[in-house]
Amino acid sequence: MPDLTNTKTEIPAQRAPEAVEAKQEKARSLGLDAWHDLRRRPIFIVSALLILLLIVIAIAPGLFTSVDPRAGDLRLHYLGKPNYSHFFQPDWFGYDVQGRSIYARMMYGARASVVVGICVTAGVTILGGLAGMFAGYFGGWVDTIISRVTDMVFGIPLLLGALVVLNAFTSRTIWSVVFALVALGWTQMTRVMRGSVITVKQADYVTAAKALGAGTGRIMLKHILPNAIAPVIVVATIALGGYIATEATLSFLGIGLQDPTISWGIDINSAQKVIRTAPFALFFPAGMLSITVLAFIMLGDAVRDALDPKLR
């Protein structure tokens with residue numbers, strides 16, 4: 001007669017690892033699930049490495065060059081041609097119209113662009129996120145007032161409005177540019193957060209929290225915000241590259257950052273006059289700006305695909 005004891009003990013032993021794995025897969029949160037998906041996307045890895053390099057350059061440009069980016073010599077270096085064999089040397093990318101090293105200015109110019117992009121994104125996310133959360137959760141007259149103010153500010157073109165605001169400053173620094181862009185750019189985040197909150201507040205777990213007597217603050221922080229923030233993160237990540245491009249555009253037009261601040265937009269503006277005789281003076285700062293904006297847009301696309309279940 002066959003021994004059934006071993007059969008009964010072997011079946012649970014074989015299925016136990018699968019059950020544990022299924023349980024862990026089921027318990028994985030949205031954030032962990034998104035991270036698990038992002039790590040397998042080449043577009044995320046490439047963009048993240050580029051952004052990490054840009055942040056390192058912005059924090060410590062002296063690690064990449066020892067040349068003063070503001071020091072120029074018109075007699076020796078006026079529009080000096082690039083020497084592509086001199087890696088990481090002052091003449092690697094040539095010299096601009098004032099005899100300054102283009103390579104050194106590219107390294108130091110990353111700081112202004114990255115600081116403006118990150119600070120503006122943080123400002124519009126906090127300001128617009130709070131306004132949208134209050135409008136979506138409370139509704140009624142609160143939603144009406146916030147929505148009408150948002151519509152009025154949203155109707156002002158960002159670039160045109162920034163030109164008007166920055167004209168009010170006698171000295172235009174990084175922080176004045178950040179203020180102008182935050183004051184006009186928060187409306188998009190407000191609309192995104194408002195729509196997300198309206199959807200989330202109808203969920204069963206929010207209704208259960210209200211029935212159990214949870215306060216408004218606890219519901220908004222513990223239940224509404226964690227489940228409504230994903231679309232805002234996606235929009236903010238993509239918009240960061242746009243804010244960097246806007247800062248460069250304002251500096252190019254002469255209404256953004258000013259000397260002695262180093263900016264890629266300022267260098268592009270000075271190089272446009274010699275584009276026919278020295279196109280390299282325009283190509284390198286414009287290329288650096290394009291790569292930076294593209295890296296943040298690629299990162300935003302990867303994050304959007306990871307956080308949106310419909311795109312899986």
# chains A, B, ... in the order shown; residues from 1 in each chain; ligands from 1
$ closest_atom_pairs --of "range 23-70 of chain A" --to "range 111-121 of chain A" --cutoff "9 Å" --atoms "only C-alpha atoms" --output "Markdown table"
| residue | atom | partner | partner_atom | distance |
| --- | --- | --- | --- | --- |
| A:Leu54 | CA | A:Val114 | CA | 7.7 |
| A:Ile55 | CA | A:Val114 | CA | 7.1 |
| A:Ile57 | CA | A:Arg111 | CA | 7.3 |
| A:Ala58 | CA | A:Arg111 | CA | 4.0 |
| A:Ile59 | CA | A:Arg111 | CA | 6.8 |
| A:Ala60 | CA | A:Arg111 | CA | 8.8 |
| A:Pro61 | CA | A:Arg111 | CA | 8.1 |
$ residues_around --residues "range 128-136 of chain A" --least-positions-apart "4" --cutoff "12 Å" --atoms "only C-alpha atoms" --output "number ranges by chain"
A: 120-124, 140-150, 153-154, 182-202, 216-217, 219-221, 223-233, 235-236
$ closest_residue --among "A:Val234, A:Tyr205, A:Leu257, A:His86" --to "Lys222 in chain A" --atoms "only C-alpha atoms"
A:Tyr205
$ closest_residue --among "A:Ala302, A:Ala281, A:Ala203, A:Ala209" --to "Gly99 in chain A" --atoms "only C-alpha atoms"
A:Ala281
$ closest_atom_pairs --of "range 36-99 of chain A" --to "range 269-276 of chain A" --cutoff "12 Å" --atoms "only C-alpha atoms" --output "Markdown table"
| residue | atom | partner | partner_atom | distance |
| --- | --- | --- | --- | --- |
| A:Tyr78 | CA | A:Val274 | CA | 11.4 |
| A:Leu79 | CA | A:Val274 | CA | 9.0 |
| A:Tyr95 | CA | A:Ala271 | CA | 10.5 |
| A:Asp96 | CA | A:Ala271 | CA | 7.2 |
| A:Val97 | CA | A:Ala271 | CA | 7.3 |
| A:Gln98 | CA | A:Ser270 | CA | 9.3 |
| A:Gly99 | CA | A:Ala271 | CA | 12.0 |
$ select_by_dssp --residues "range 83-282 of chain A" --states "alpha helix (DSSP H)" --output "number ranges by chain"
A: 102-138, 140-154, 158-166, 174-185, 187-200, 204-211, 216-219, 225-228, 230-252, 264-271, 280-282
$ closest_residue --among "A:Ile174, A:Leu127, A:Leu282, A:Ile156" --to "Glu247 in chain A" --atoms "only C-alpha atoms"
A:Ile174
$ closest_residue --among "A:Leu240, A:Leu53, A:Leu250, A:Pro260" --to "Ala71 in chain A" --atoms "only C-alpha atoms"
A:Pro260
$ atom_distance --atom1 "CA of Arg41 in chain A" --atom2 "CA of Ala110 in chain A"
26.2 Å
$ atom_distance --atom1 "CA of Pro82 in chain A" --atom2 "CA of Phe284 in chain A"
10.5 Å
$ residues_around --residues "Ile238 in chain A" --least-positions-apart "4" --cutoff "9 Å" --atoms "only C-alpha atoms" --output "NGL selection string"
:A and (233-234 or 242 or 296-301)
$ residues_around --residues "Pro69 in chain A" --least-positions-apart "6" --cutoff "7 Å" --atoms "only C-alpha atoms" --output "PDB file with N, CA, C and O atoms, in the first residue's frame"
ATOM      1  N   ARG A 100      36.854  84.095 -23.108  1.00  0.00           N
ATOM      2  CA  ARG A 100      36.628  83.222 -21.953  1.00  0.00           C
ATOM      3  C   ARG A 100      36.458  81.777 -22.419  1.00  0.00           C
ATOM      4  O   ARG A 100      35.935  81.533 -23.503  1.00  0.00           O
ATOM      5  N   SER A 101      36.872  80.851 -21.578  1.00  0.00           N
ATOM      6  CA  SER A 101      36.791  79.436 -21.913  1.00  0.00           C
ATOM      7  C   SER A 101      35.327  78.989 -21.977  1.00  0.00           C
ATOM      8  O   SER A 101      34.590  79.097 -20.983  1.00  0.00           O
ATOM      9  N   ALA A 104      34.705  76.031 -19.533  1.00  0.00           N
ATOM     10  CA  ALA A 104      34.556  76.440 -18.129  1.00  0.00           C
ATOM     11  C   ALA A 104      33.199  77.082 -17.889  1.00  0.00           C
ATOM     12  O   ALA A 104      32.544  76.839 -16.868  1.00  0.00           O
ATOM     13  N   ARG A 105      32.721  77.885 -18.830  1.00  0.00           N
ATOM     14  CA  ARG A 105      31.421  78.536 -18.665  1.00  0.00           C
ATOM     15  C   ARG A 105      30.270  77.535 -18.770  1.00  0.00           C
ATOM     16  O   ARG A 105      29.228  77.705 -18.135  1.00  0.00           O
TER      17      ARG A 105
END
$ atom_distance --atom1 "CA of Ala286 in chain A" --atom2 "CA of Gly265 in chain A"
8.1 Å
$ closest_residue --among "A:Arg304, A:Arg218, A:Arg70, A:Thr65" --to "Trp92 in chain A" --atoms "only C-alpha atoms"
A:Thr65
$ residues_around --residues "Met288 in chain A" --least-positions-apart "4" --cutoff "9 Å" --atoms "only C-alpha atoms" --output "mmCIF file with N, CA, C and O atoms, in the first residue's frame"
data_model
loop_
_atom_site.group_PDB
_atom_site.id
_atom_site.type_symbol
_atom_site.label_atom_id
_atom_site.label_comp_id
_atom_site.auth_asym_id
_atom_site.auth_seq_id
_atom_site.Cartn_x
_atom_site.Cartn_y
_atom_site.Cartn_z
ATOM 1 N N MET A 106 30.455 76.495 -19.547
ATOM 2 C CA MET A 106 29.438 75.446 -19.600
ATOM 3 C C MET A 106 29.320 74.737 -18.261
ATOM 4 O O MET A 106 28.220 74.430 -17.794
ATOM 5 N N ALA A 110 25.876 75.390 -15.469
ATOM 6 C CA ALA A 110 24.915 74.367 -15.054
ATOM 7 C C ALA A 110 24.283 74.702 -13.707
ATOM 8 O O ALA A 110 23.133 74.340 -13.448
ATOM 9 N N TRP A 264 23.728 79.636 -19.461
ATOM 10 C CA TRP A 264 23.802 79.196 -20.858
ATOM 11 C C TRP A 264 23.036 80.141 -21.766
ATOM 12 O O TRP A 264 23.434 80.370 -22.906
ATOM 13 N N PHE A 283 27.074 76.579 -30.480
ATOM 14 C CA PHE A 283 26.709 75.160 -30.498
ATOM 15 C C PHE A 283 26.845 74.518 -29.118
ATOM 16 O O PHE A 283 25.934 73.791 -28.683
ATOM 17 N N PHE A 284 27.934 74.771 -28.411
ATOM 18 C CA PHE A 284 28.188 74.055 -27.158
ATOM 19 C C PHE A 284 27.233 74.454 -26.025
ATOM 20 O O PHE A 284 26.647 73.572 -25.380
ATOM 21 N N THR A 292 20.232 68.857 -21.253
ATOM 22 C CA THR A 292 19.646 68.976 -19.915
ATOM 23 C C THR A 292 18.123 68.891 -19.966
ATOM 24 O O THR A 292 17.506 68.143 -19.200
ATOM 25 N N VAL A 293 17.516 69.664 -20.848
ATOM 26 C CA VAL A 293 16.055 69.641 -20.973
ATOM 27 C C VAL A 293 15.571 68.261 -21.397
ATOM 28 O O VAL A 293 14.583 67.735 -20.858
#
